file entry-v6.tsv (TSV, C-alpha atoms)
chain	number	residue	atom	x	y	z
A	14	MET	CA	-68.81	-20.19	-50.78
A	15	LYS	CA	-66.17	-22.39	-49.15
A	16	LYS	CA	-64.84	-23.35	-52.60
A	17	ILE	CA	-64.64	-19.69	-53.60
A	18	LEU	CA	-62.72	-18.79	-50.44
A	19	THR	CA	-60.37	-21.71	-50.96
A	20	LEU	CA	-59.83	-20.67	-54.56
A	21	ILE	CA	-59.10	-17.09	-53.54
A	22	LEU	CA	-56.59	-18.22	-50.92
A	23	PHE	CA	-54.77	-20.51	-53.32
A	24	THR	CA	-54.74	-18.14	-56.25
A	25	LEU	CA	-53.52	-15.23	-54.21
A	26	GLY	CA	-49.80	-14.90	-53.84
A	27	LEU	CA	-47.49	-12.69	-51.90
A	28	GLU	CA	-43.96	-11.80	-51.18
A	29	VAL	CA	-41.90	-14.73	-50.12
A	30	PHE	CA	-40.19	-12.98	-47.31
A	31	GLY	CA	-40.32	-9.85	-45.23
A	32	HIS	CA	-43.04	-7.30	-44.70
A	33	PRO	CA	-44.36	-6.15	-48.08
A	34	VAL	CA	-44.95	-2.65	-46.72
A	35	THR	CA	-42.64	-0.83	-44.31
A	36	TYR	CA	-42.70	2.72	-42.93
A	37	LYS	CA	-43.48	5.84	-45.02
A	38	ASN	CA	-40.67	6.60	-47.49
A	39	GLY	CA	-38.92	3.40	-46.44
A	40	PHE	CA	-36.89	1.40	-48.95
A	41	GLU	CA	-36.41	-2.33	-48.62
A	42	ILE	CA	-34.20	-4.82	-50.43
A	43	SER	CA	-34.77	-8.52	-49.81
A	44	GLY	CA	-33.55	-11.80	-51.19
A	45	VAL	CA	-34.65	-15.40	-50.81
A	46	ASN	CA	-32.48	-18.35	-51.80
A	47	MET	CA	-34.25	-21.68	-51.45
A	48	SER	CA	-34.07	-24.84	-53.51
A	49	ALA	CA	-37.50	-24.23	-55.04
A	50	ILE	CA	-37.29	-20.48	-55.64
A	51	ARG	CA	-34.96	-17.50	-55.75
A	52	ASP	CA	-36.72	-14.23	-55.16
A	53	TYR	CA	-35.15	-10.76	-55.02
A	54	GLN	CA	-37.14	-7.60	-54.44
A	55	ALA	CA	-36.66	-3.86	-54.14
A	56	THR	CA	-39.64	-2.09	-52.61
A	57	TYR	CA	-40.48	1.50	-51.81
A	58	SER	CA	-43.24	2.33	-49.31
A	59	PHE	CA	-45.19	5.47	-50.20
A	60	THR	CA	-47.06	5.26	-46.91
A	61	SER	CA	-47.15	2.74	-44.06
A	62	HIS	CA	-50.01	1.07	-45.96
A	63	LEU	CA	-48.92	1.16	-49.61
A	64	ALA	CA	-45.75	0.06	-51.39
A	65	SER	CA	-44.57	-0.83	-54.87
A	66	GLY	CA	-41.45	-2.35	-56.29
A	67	THR	CA	-39.66	-4.60	-58.69
A	68	ARG	CA	-39.06	-8.29	-58.34
A	69	TYR	CA	-36.90	-10.98	-59.88
A	70	VAL	CA	-37.97	-14.61	-59.45
A	71	TYR	CA	-36.22	-17.75	-60.65
A	72	PHE	CA	-37.61	-21.28	-60.43
A	73	PRO	CA	-34.59	-23.65	-60.67
A	74	LEU	CA	-36.67	-26.75	-61.27
A	75	THR	CA	-38.37	-25.42	-64.40
A	76	LYS	CA	-35.65	-22.87	-65.28
A	77	GLN	CA	-38.15	-20.04	-65.55
A	78	THR	CA	-37.18	-16.44	-64.89
A	79	LEU	CA	-39.76	-13.81	-63.97
A	80	TYR	CA	-39.38	-10.02	-64.00
A	81	LEU	CA	-42.24	-8.38	-62.16
A	82	GLY	CA	-43.53	-5.03	-61.01
A	83	GLN	CA	-45.90	-5.15	-58.07
A	84	GLY	CA	-47.87	-3.20	-55.52
A	85	SER	CA	-48.59	-4.20	-51.93
A	86	TRP	CA	-51.24	-2.97	-49.57
A	87	LEU	CA	-51.46	-3.32	-45.81
A	88	ILE	CA	-55.13	-4.24	-45.45
A	89	LYS	CA	-55.25	-4.26	-41.67
A	90	LYS	CA	-52.85	-3.75	-38.80
A	91	PHE	CA	-53.58	-4.89	-35.25
A	92	LEU	CA	-51.56	-3.15	-32.57
A	93	PHE	CA	-51.22	-4.29	-28.97
A	94	ASP	CA	-48.91	-3.28	-26.12
A	95	GLU	CA	-46.64	-6.28	-26.64
A	96	ALA	CA	-47.61	-7.46	-30.12
A	97	GLN	CA	-48.71	-6.59	-33.60
A	98	GLY	CA	-50.50	-8.38	-36.41
A	99	ASN	CA	-50.72	-7.51	-40.09
A	100	ILE	CA	-52.66	-8.59	-43.16
A	101	TYR	CA	-51.22	-7.70	-46.56
A	102	THR	CA	-52.15	-8.28	-50.16
A	103	THR	CA	-50.02	-7.96	-53.30
A	104	LEU	CA	-50.78	-7.68	-57.01
A	105	GLY	CA	-48.28	-7.48	-59.83
A	106	GLY	CA	-47.40	-8.42	-63.37
A	107	GLY	CA	-44.52	-8.81	-65.76
A	108	ARG	CA	-42.79	-11.19	-68.13
A	109	SER	CA	-41.77	-14.81	-67.72
A	110	TYR	CA	-38.80	-16.21	-69.69
A	111	GLU	CA	-38.13	-19.86	-70.48
A	112	ASN	CA	-36.06	-21.35	-73.32
A	113	ASP	CA	-35.82	-18.00	-75.12
A	114	GLU	CA	-39.58	-17.61	-75.05
A	115	SER	CA	-41.38	-14.97	-73.04
A	116	LYS	CA	-44.94	-14.66	-71.92
A	117	GLY	CA	-47.03	-12.48	-69.64
A	118	VAL	CA	-47.27	-13.43	-65.99
A	119	PHE	CA	-49.02	-11.95	-63.02
A	120	THR	CA	-48.64	-12.49	-59.32
A	121	THR	CA	-51.12	-12.11	-56.50
A	122	GLY	CA	-50.83	-12.67	-52.79
A	123	LEU	CA	-52.14	-12.69	-49.30
A	124	GLU	CA	-50.10	-12.70	-46.10
A	125	ALA	CA	-50.88	-12.57	-42.41
A	126	ASP	CA	-48.44	-12.36	-39.52
A	127	PHE	CA	-48.56	-11.99	-35.78
A	128	GLU	CA	-45.52	-11.26	-33.67
A	129	THR	CA	-44.41	-10.34	-30.21
A	130	ARG	CA	-40.82	-9.83	-29.10
A	131	ARG	CA	-40.76	-13.54	-28.27
A	132	ILE	CA	-43.08	-15.26	-30.76
A	133	TYR	CA	-43.46	-15.02	-34.51
A	134	THR	CA	-46.05	-16.65	-36.76
A	135	SER	CA	-46.90	-16.04	-40.40
A	136	LEU	CA	-48.88	-17.58	-43.22
A	137	LYS	CA	-48.41	-16.60	-46.86
A	138	PHE	CA	-50.08	-17.58	-50.10
A	139	SER	CA	-48.26	-16.67	-53.29
A	140	GLY	CA	-49.37	-17.23	-56.84
A	141	PHE	CA	-47.57	-16.97	-60.20
A	142	HIS	CA	-49.99	-17.22	-63.08
A	143	ALA	CA	-49.13	-17.46	-66.78
A	144	ALA	CA	-50.79	-19.02	-69.83
A	145	SER	CA	-48.82	-22.25	-69.52
A	146	TYR	CA	-48.40	-22.55	-65.76
A	147	ASP	CA	-49.98	-21.68	-62.48
A	148	TYR	CA	-47.75	-22.02	-59.41
A	149	GLN	CA	-49.12	-21.59	-55.94
A	150	MET	CA	-46.83	-21.33	-52.99
A	151	VAL	CA	-48.03	-21.76	-49.43
A	152	GLN	CA	-45.60	-20.87	-46.67
A	153	GLY	CA	-46.07	-20.98	-42.91
A	154	ARG	CA	-43.62	-20.03	-40.18
A	155	VAL	CA	-43.42	-20.24	-36.44
A	156	GLY	CA	-40.54	-18.98	-34.33
A	157	PHE	CA	-39.43	-17.89	-30.91
A	158	ALA	CA	-36.70	-15.65	-29.56
A	159	PRO	CA	-34.67	-17.12	-26.70
A	160	TYR	CA	-33.93	-13.61	-25.40
A	161	VAL	CA	-35.00	-10.05	-26.09
A	162	THR	CA	-32.66	-7.14	-26.65
A	163	GLY	CA	-32.83	-3.49	-27.59
A	164	PHE	CA	-32.43	-1.52	-30.78
A	165	ASP	CA	-28.64	-1.88	-30.81
A	166	GLY	CA	-28.55	-5.57	-29.92
A	167	ILE	CA	-28.39	-8.58	-32.21
A	168	HIS	CA	-31.78	-10.29	-32.23
A	169	THR	CA	-31.85	-14.06	-32.63
A	170	TRP	CA	-34.80	-16.27	-33.53
A	171	PHE	CA	-35.26	-20.01	-33.84
A	172	MET	CA	-37.78	-20.66	-36.58
A	173	VAL	CA	-39.34	-23.46	-38.57
A	174	GLN	CA	-40.73	-22.94	-42.04
A	175	GLY	CA	-43.08	-25.21	-43.93
A	176	MET	CA	-43.43	-24.52	-47.65
A	177	THR	CA	-44.99	-26.11	-50.66
A	178	LEU	CA	-44.93	-25.00	-54.28
A	179	ARG	CA	-47.98	-26.50	-55.95
A	180	ASN	CA	-47.73	-27.50	-59.61
A	181	GLN	CA	-43.96	-27.73	-59.26
A	182	GLU	CA	-42.60	-29.95	-56.51
A	183	ASN	CA	-45.92	-30.54	-54.75
A	184	LYS	CA	-44.07	-31.56	-51.59
A	185	VAL	CA	-43.94	-29.87	-48.24
A	186	GLU	CA	-40.43	-28.82	-47.33
A	187	ILE	CA	-39.70	-28.26	-43.65
A	188	THR	CA	-36.80	-25.94	-42.91
A	189	PRO	CA	-35.52	-25.20	-39.41
A	190	MET	CA	-33.62	-21.91	-39.48
A	191	LEU	CA	-31.96	-19.18	-37.53
A	192	ARG	CA	-33.02	-15.58	-38.01
A	193	PHE	CA	-30.86	-12.69	-36.93
A	194	PHE	CA	-31.36	-8.99	-37.17
A	195	TYR	CA	-29.30	-6.04	-36.18
A	196	GLN	CA	-30.85	-2.59	-36.52
A	197	ASN	CA	-31.94	-2.41	-40.18
A	198	VAL	CA	-30.40	-5.67	-41.44
A	199	LEU	CA	-32.03	-9.09	-41.19
A	200	TRP	CA	-30.63	-12.42	-42.36
A	201	GLU	CA	-31.71	-16.04	-42.11
A	202	VAL	CA	-29.87	-19.31	-42.60
A	203	GLY	CA	-31.38	-22.77	-42.58
A	204	ALA	CA	-31.26	-26.29	-43.94
A	205	SER	CA	-34.36	-28.30	-44.79
A	206	THR	CA	-35.04	-31.83	-43.66
A	207	ARG	CA	-34.31	-32.81	-47.28
A	208	GLY	CA	-30.85	-31.26	-47.01
A	209	ASN	CA	-31.47	-28.09	-49.01
A	210	MET	CA	-29.78	-24.94	-47.81
A	211	MET	CA	-31.57	-21.62	-47.43
A	212	PHE	CA	-30.25	-18.08	-47.11
A	213	ASN	CA	-32.44	-14.98	-46.95
A	214	PHE	CA	-31.72	-11.34	-46.25
A	215	MET	CA	-33.55	-8.05	-45.93
A	216	VAL	CA	-32.27	-4.49	-45.51
A	217	HIS	CA	-34.36	-1.42	-44.70
A	218	TYR	CA	-33.33	2.13	-45.50
B	30	MET	CA	-24.59	43.07	-10.78
B	31	LYS	CA	-28.15	41.97	-10.16
B	32	LYS	CA	-29.01	42.82	-13.74
B	33	ILE	CA	-26.12	40.69	-15.04
B	34	VAL	CA	-27.16	37.72	-12.87
B	35	PHE	CA	-30.76	38.12	-14.03
B	36	LEU	CA	-29.67	38.31	-17.66
B	37	LEU	CA	-27.46	35.22	-17.37
B	38	SER	CA	-30.28	33.33	-15.65
B	39	PHE	CA	-32.68	34.35	-18.37
B	40	LEU	CA	-30.26	33.27	-21.10
B	41	ALA	CA	-29.68	29.95	-19.37
B	42	MET	CA	-33.42	29.30	-19.12
B	43	SER	CA	-34.09	30.30	-22.67
B	44	ALA	CA	-31.36	27.94	-23.93
B	45	GLN	CA	-33.09	24.90	-22.50
B	46	ALA	CA	-33.68	21.93	-24.70
B	47	GLU	CA	-36.84	19.91	-24.44
B	48	VAL	CA	-36.96	16.21	-23.68
B	49	ILE	CA	-40.06	14.54	-25.07
B	50	HIS	CA	-41.05	11.05	-23.99
B	51	VAL	CA	-43.26	9.43	-26.61
B	52	LYS	CA	-44.98	6.21	-25.58
B	53	VAL	CA	-45.97	3.98	-28.51
B	54	GLN	CA	-47.87	0.76	-29.02
B	55	GLY	CA	-46.98	-2.15	-31.32
B	56	MET	CA	-43.20	-1.73	-31.48
B	57	VAL	CA	-41.98	-5.33	-31.38
B	58	CYS	CA	-38.70	-5.35	-33.31
B	59	SER	CA	-35.72	-3.15	-34.10
B	60	LEU	CA	-36.87	-2.92	-37.72
B	61	CYS	CA	-40.03	-1.24	-36.38
B	62	SER	CA	-38.02	1.18	-34.27
B	63	GLN	CA	-35.53	1.96	-37.03
B	64	GLY	CA	-38.09	4.05	-38.92
B	65	LEU	CA	-38.93	6.04	-35.81
B	66	THR	CA	-35.27	6.80	-35.14
B	67	LYS	CA	-34.70	7.77	-38.77
B	68	LYS	CA	-37.73	10.04	-39.07
B	69	PHE	CA	-37.37	11.82	-35.74
B	70	SER	CA	-33.64	12.30	-36.35
B	71	ALA	CA	-34.48	13.96	-39.67
B	72	GLU	CA	-36.43	16.70	-37.88
B	73	LYS	CA	-34.37	19.91	-37.89
B	74	THR	CA	-35.33	20.72	-34.31
B	75	VAL	CA	-34.19	17.36	-32.91
B	76	SER	CA	-30.70	16.74	-31.57
B	77	ASN	CA	-31.01	13.17	-30.23
B	78	VAL	CA	-33.39	10.20	-30.45
B	79	LYS	CA	-33.31	7.13	-28.24
B	80	VAL	CA	-35.59	4.11	-28.53
B	81	ASP	CA	-36.30	1.90	-25.51
B	82	MET	CA	-38.03	-1.23	-26.75
B	83	ASP	CA	-38.66	-2.56	-23.23
B	84	GLU	CA	-40.55	0.57	-22.24
B	85	LYS	CA	-42.01	1.13	-25.74
B	86	MET	CA	-40.65	4.64	-25.40
B	87	VAL	CA	-39.03	7.03	-27.86
B	88	THR	CA	-37.10	9.79	-26.10
B	89	ILE	CA	-36.50	12.88	-28.21
B	90	THR	CA	-34.15	15.65	-27.16
B	91	THR	CA	-34.61	18.88	-29.06
B	92	LYS	CA	-32.05	21.53	-29.85
B	93	PRO	CA	-32.02	24.51	-27.43
B	94	GLU	CA	-35.12	26.64	-27.70
B	95	GLN	CA	-36.66	24.20	-30.17
B	96	THR	CA	-39.61	21.85	-29.96
B	97	VAL	CA	-41.54	19.26	-31.95
B	98	ASN	CA	-45.28	19.74	-31.91
B	99	ASP	CA	-47.76	17.02	-31.03
B	100	GLN	CA	-49.16	16.73	-34.53
B	101	THR	CA	-45.69	16.13	-36.02
B	102	ILE	CA	-45.00	13.47	-33.40
B	103	LYS	CA	-48.34	11.78	-34.08
B	104	THR	CA	-47.77	11.82	-37.85
B	105	ILE	CA	-44.26	10.34	-37.58
B	106	VAL	CA	-45.39	7.62	-35.18
B	107	GLU	CA	-48.36	6.61	-37.33
B	108	ASP	CA	-46.34	6.77	-40.57
B	109	ASN	CA	-44.13	4.12	-39.01
B	110	GLY	CA	-46.98	1.72	-38.42
B	111	VAL	CA	-47.23	1.99	-34.66
B	112	ALA	CA	-49.73	3.83	-32.48
B	113	LEU	CA	-49.22	6.86	-30.27
B	114	VAL	CA	-50.11	6.28	-26.62
B	115	SER	CA	-48.89	9.46	-24.88
B	116	ILE	CA	-46.53	12.44	-25.08
B	117	HIS	CA	-44.77	13.74	-21.98
B	118	ARG	CA	-42.57	16.84	-22.14
B	119	MET	CA	-39.94	18.18	-19.78
B	120	ASN	CA	-37.29	20.90	-19.98
B	121	HIS	CA	-33.64	19.95	-20.01
B	122	GLU	CA	-30.57	22.18	-19.80

call {"tool": "encode", "arguments": {"input": "entry-v6.tsv", "output": "structure tokens"}}
result
Amino acid sequence: MKKILTLILFTLGLEVFGHPVTYKNGFEISGVNMSAIRDYQATYSFTSHLASGTRYVYFPLTKQTLYLGQGSWLIKKFLFDEAQGNIYTTLGGGRSYENDESKGVFTTGLEADFETRRIYTSLKFSGFHAASYDYQMVQGRVGFAPYVTGFDGIHTWFMVQGMTLRNQENKVEITPMLRFFYQNVLWEVGASTRGNMMFNFMVHY
Amino acid sequence: MKKIVFLLSFLAMSAQAEVIHVKVQGMVCSLCSQGLTKKFSAEKTVSNVKVDMDEKMVTITTKPEQTVNDQTIKTIVEDNGVALVSIHRMNHE
């Protein structure tokens, strides 16, 4: 049973960044630029529990480009006075291109997060599965906000991300970063302990 | 004269807007509150929406002689992934 659970966790994959599902009729554009992966997504939420979208992924190390369609489901939301927690899953498929060859690829995922106005934690498992490769990304984050502000203020977070991309680099990359958001726009900048820069963004409409 | 005063008073009362204080649970970031502002602002009967993240409160001001019913408020709140705690209404000139 333990092996099955471990297998499920490592074969499931998820969005690299941002909540996979937002509010009903919400539209989200997000981008991730890290040394191991570039990941751009456009997602529409049909309800506060269900979303679908398109996704472009590029792995610089192996020079593979993925074009995906995917659906995400909010499995469970935990609401508290000063906090919320979420568990999401994602399933999608598309084509993978490498050296003028293309093949089918599918992606799966599982993500959990818990946040207050001061503390943020998340854990994500992402998988990209094709006939000739099987990449599994595990990403964990912790962060804190030095101050809280209202809807019209600029929110600032200090965060640390740990990430590994199994069957590619197989190393854990630690990235301290700053997260900012103002109303419907969020952006992150960071540099890993190995000297790799990171820039992420997300916009809600 | 009395009739005119009475009529003016009646018109003034009937032109009152409604201020609705909606207490929610689980609103922890401005991205959460953005959807609430957007959806309540889209209601034809609403003239102003203000979100107070410290108080977890959404304050809706309606247009004169207009209202937003409880079920609509509940639906909008829940569609935005937060929970409705209470609704408190008061008249406002």

call {"tool": "interface_residues", "arguments": {"input": "entry-v6.tsv", "of": "chain A", "to": "chain B", "cutoff": "7 Å", "atoms": "all atoms listed in the file", "output": "list of chain:residue names"}}
result
A:Tyr36, A:Lys37, A:Thr60, A:Ser61, A:Leu92, A:Phe93, A:Asp94, A:Glu95, A:Ala96, A:Gln97, A:Thr129, A:Arg130, A:Gly163, A:Phe164, A:Gln196, A:Asn197

call {"tool": "atom_distance", "arguments": {"input": "entry-v6.tsv", "atom1": "atom CA of Phe193 of chain A", "atom2": "atom CA of Asp165 of chain A"}}
result
12.6 Å

call {"tool": "residues_around", "arguments": {"input": "entry-v6.tsv", "residues": "Gln54 of chain A", "least_positions_apart": "3", "cutoff": "6 Å", "atoms": "only C-alpha atoms", "output": "PyMOL selection string"}}
result
chain A and resi 42-43+67-68

call {"tool": "residues_around", "arguments": {"input": "entry-v6.tsv", "residues": "Thr75 of chain A", "least_positions_apart": "3", "cutoff": "10 Å", "atoms": "only C-alpha atoms", "output": "list in words"}}
result
Ala49, Tyr71, Phe72, Thr78, Glu111 and Gln181 of chain A

call {"tool": "atom_distance", "arguments": {"input": "entry-v6.tsv", "atom1": "atom CA of Gly117 of chain A", "atom2": "atom CA of Asp147 of chain A"}}
result
12.0 Å

call {"tool": "residues_around", "arguments": {"input": "entry-v6.tsv", "residues": "segment 87-89 of chain B", "least_positions_apart": "5", "cutoff": "7 Å", "atoms": "only C-alpha atoms", "output": "list in words"}}
result
Val48, Ile49, His50, Val51, Lys52, Val75, Asn77, Val78, Lys79, Val80 and Asp81 of chain B

call {"tool": "residues_around", "arguments": {"input": "entry-v6.tsv", "residues": "Phe141 of chain A", "least_positions_apart": "6", "cutoff": "7 Å", "atoms": "all atoms listed in the file", "output": "list in words"}}
result
Val118, Phe119, Thr120, Asp147, Tyr148 and Gln149 of chain A

call {"tool": "atom_distance", "arguments": {"input": "entry-v6.tsv", "atom1": "atom CA of Gly156 of chain A", "atom2": "atom CA of Leu113 of chain B"}}
result
27.6 Å

call {"tool": "residues_around", "arguments": {"input": "entry-v6.tsv", "residues": "Arg108 of chain A", "least_positions_apart": "3", "cutoff": "8 Å", "atoms": "all atoms listed in the file", "output": "JSON, numbers by chain"}}
result
{"A": [79, 80, 81, 115, 116, 117, 118]}

call {"tool": "residues_near_point", "arguments": {"input": "entry-v6.tsv", "point": "(-39.5, -18.2, -36.1)", "cutoff": "12 Å", "atoms": "all atoms listed in the file", "output": "VMD selection string"}}
result
chain A and resid 126 to 136 153 to 159 168 to 175 188 to 193 201 to 203

call {"tool": "decode", "arguments": {"input": "entry-v6.tsv", "residues": "segment 89-114 of chain A", "atoms": "N, CA and C atoms", "output": "PDB file, in the first residue's frame"}}
result
ATOM      1  N   LYS A  89     -10.529  19.575  -2.509  1.00  0.00           N
ATOM      2  CA  LYS A  89     -11.003  19.945  -1.174  1.00  0.00           C
ATOM      3  C   LYS A  89     -10.468  21.317  -0.793  1.00  0.00           C
ATOM      4  N   LYS A  90     -11.332  22.122  -0.239  1.00  0.00           N
ATOM      5  CA  LYS A  90     -10.915  23.434   0.279  1.00  0.00           C
ATOM      6  C   LYS A  90     -11.207  23.491   1.765  1.00  0.00           C
ATOM      7  N   PHE A  91     -10.256  23.971   2.536  1.00  0.00           N
ATOM      8  CA  PHE A  91     -10.428  24.130   3.978  1.00  0.00           C
ATOM      9  C   PHE A  91     -10.436  25.632   4.276  1.00  0.00           C
ATOM     10  N   LEU A  92     -11.511  26.112   4.844  1.00  0.00           N
ATOM     11  CA  LEU A  92     -11.608  27.538   5.130  1.00  0.00           C
ATOM     12  C   LEU A  92     -11.625  27.790   6.636  1.00  0.00           C
ATOM     13  N   PHE A  93     -10.807  28.737   7.044  1.00  0.00           N
ATOM     14  CA  PHE A  93     -10.755  29.159   8.443  1.00  0.00           C
ATOM     15  C   PHE A  93     -10.882  30.685   8.477  1.00  0.00           C
ATOM     16  N   ASP A  94     -11.035  31.234   9.688  1.00  0.00           N
ATOM     17  CA  ASP A  94     -11.161  32.694   9.798  1.00  0.00           C
ATOM     18  C   ASP A  94      -9.945  33.404   9.225  1.00  0.00           C
ATOM     19  N   GLU A  95      -8.754  32.889   9.533  1.00  0.00           N
ATOM     20  CA  GLU A  95      -7.524  33.573   9.141  1.00  0.00           C
ATOM     21  C   GLU A  95      -6.690  32.758   8.158  1.00  0.00           C
ATOM     22  N   ALA A  96      -7.258  31.730   7.572  1.00  0.00           N
ATOM     23  CA  ALA A  96      -6.443  30.840   6.728  1.00  0.00           C
ATOM     24  C   ALA A  96      -7.305  30.070   5.750  1.00  0.00           C
ATOM     25  N   GLN A  97      -6.646  29.508   4.764  1.00  0.00           N
ATOM     26  CA  GLN A  97      -7.313  28.550   3.887  1.00  0.00           C
ATOM     27  C   GLN A  97      -6.309  27.522   3.390  1.00  0.00           C
ATOM     28  N   GLY A  98      -6.815  26.333   3.110  1.00  0.00           N
ATOM     29  CA  GLY A  98      -5.995  25.269   2.544  1.00  0.00           C
ATOM     30  C   GLY A  98      -6.710  24.669   1.356  1.00  0.00           C
ATOM     31  N   ASN A  99      -5.949  24.168   0.394  1.00  0.00           N
ATOM     32  CA  ASN A  99      -6.549  23.636  -0.830  1.00  0.00           C
ATOM     33  C   ASN A  99      -5.805  22.383  -1.278  1.00  0.00           C
ATOM     34  N   ILE A 100      -6.544  21.455  -1.868  1.00  0.00           N
ATOM     35  CA  ILE A 100      -5.930  20.292  -2.502  1.00  0.00           C
ATOM     36  C   ILE A 100      -6.472  20.225  -3.935  1.00  0.00           C
ATOM     37  N   TYR A 101      -5.566  20.198  -4.894  1.00  0.00           N
ATOM     38  CA  TYR A 101      -5.946  20.198  -6.305  1.00  0.00           C
ATOM     39  C   TYR A 101      -5.354  18.982  -7.007  1.00  0.00           C
ATOM     40  N   THR A 102      -5.998  18.584  -8.082  1.00  0.00           N
ATOM     41  CA  THR A 102      -5.388  17.610  -8.974  1.00  0.00           C
ATOM     42  C   THR A 102      -5.550  18.087 -10.419  1.00  0.00           C
ATOM     43  N   THR A 103      -4.651  17.647 -11.273  1.00  0.00           N
ATOM     44  CA  THR A 103      -4.665  18.061 -12.684  1.00  0.00           C
ATOM     45  C   THR A 103      -4.396  16.864 -13.581  1.00  0.00           C
ATOM     46  N   LEU A 104      -5.058  16.853 -14.738  1.00  0.00           N
ATOM     47  CA  LEU A 104      -4.841  15.802 -15.724  1.00  0.00           C
ATOM     48  C   LEU A 104      -4.882  16.435 -17.112  1.00  0.00           C
ATOM     49  N   GLY A 105      -3.916  16.091 -17.935  1.00  0.00           N
ATOM     50  CA  GLY A 105      -3.898  16.673 -19.274  1.00  0.00           C
ATOM     51  C   GLY A 105      -3.090  15.840 -20.251  1.00  0.00           C
ATOM     52  N   GLY A 106      -3.141  16.274 -21.498  1.00  0.00           N
ATOM     53  CA  GLY A 106      -2.392  15.555 -22.532  1.00  0.00           C
ATOM     54  C   GLY A 106      -2.085  16.443 -23.711  1.00  0.00           C
ATOM     55  N   GLY A 107      -1.161  16.004 -24.539  1.00  0.00           N
ATOM     56  CA  GLY A 107      -0.805  16.790 -25.712  1.00  0.00           C
ATOM     57  C   GLY A 107       0.321  16.153 -26.491  1.00  0.00           C
ATOM     58  N   ARG A 108       1.142  17.006 -27.118  1.00  0.00           N
ATOM     59  CA  ARG A 108       2.242  16.533 -27.939  1.00  0.00           C
ATOM     60  C   ARG A 108       3.563  17.056 -27.398  1.00  0.00           C
ATOM     61  N   SER A 109       4.582  16.241 -27.544  1.00  0.00           N
ATOM     62  CA  SER A 109       5.931  16.607 -27.127  1.00  0.00           C
ATOM     63  C   SER A 109       6.815  16.618 -28.366  1.00  0.00           C
ATOM     64  N   TYR A 110       7.603  17.696 -28.539  1.00  0.00           N
ATOM     65  CA  TYR A 110       8.453  17.846 -29.729  1.00  0.00           C
ATOM     66  C   TYR A 110       9.920  17.888 -29.332  1.00  0.00           C
ATOM     67  N   GLU A 111      10.728  17.123 -30.094  1.00  0.00           N
ATOM     68  CA  GLU A 111      12.170  17.071 -29.835  1.00  0.00           C
ATOM     69  C   GLU A 111      12.859  16.638 -31.122  1.00  0.00           C
ATOM     70  N   ASN A 112      13.791  17.451 -31.599  1.00  0.00           N
ATOM     71  CA  ASN A 112      14.539  17.121 -32.824  1.00  0.00           C
ATOM     72  C   ASN A 112      13.610  16.774 -33.993  1.00  0.00           C
ATOM     73  N   ASP A 113      12.624  17.590 -34.210  1.00  0.00           N
ATOM     74  CA  ASP A 113      11.655  17.404 -35.305  1.00  0.00           C
ATOM     75  C   ASP A 113      10.808  16.140 -35.187  1.00  0.00           C
ATOM     76  N   GLU A 114      10.853  15.522 -34.054  1.00  0.00           N
ATOM     77  CA  GLU A 114       9.987  14.362 -33.824  1.00  0.00           C
ATOM     78  C   GLU A 114       8.933  14.734 -32.791  1.00  0.00           C
TER      79      GLU A 114
END
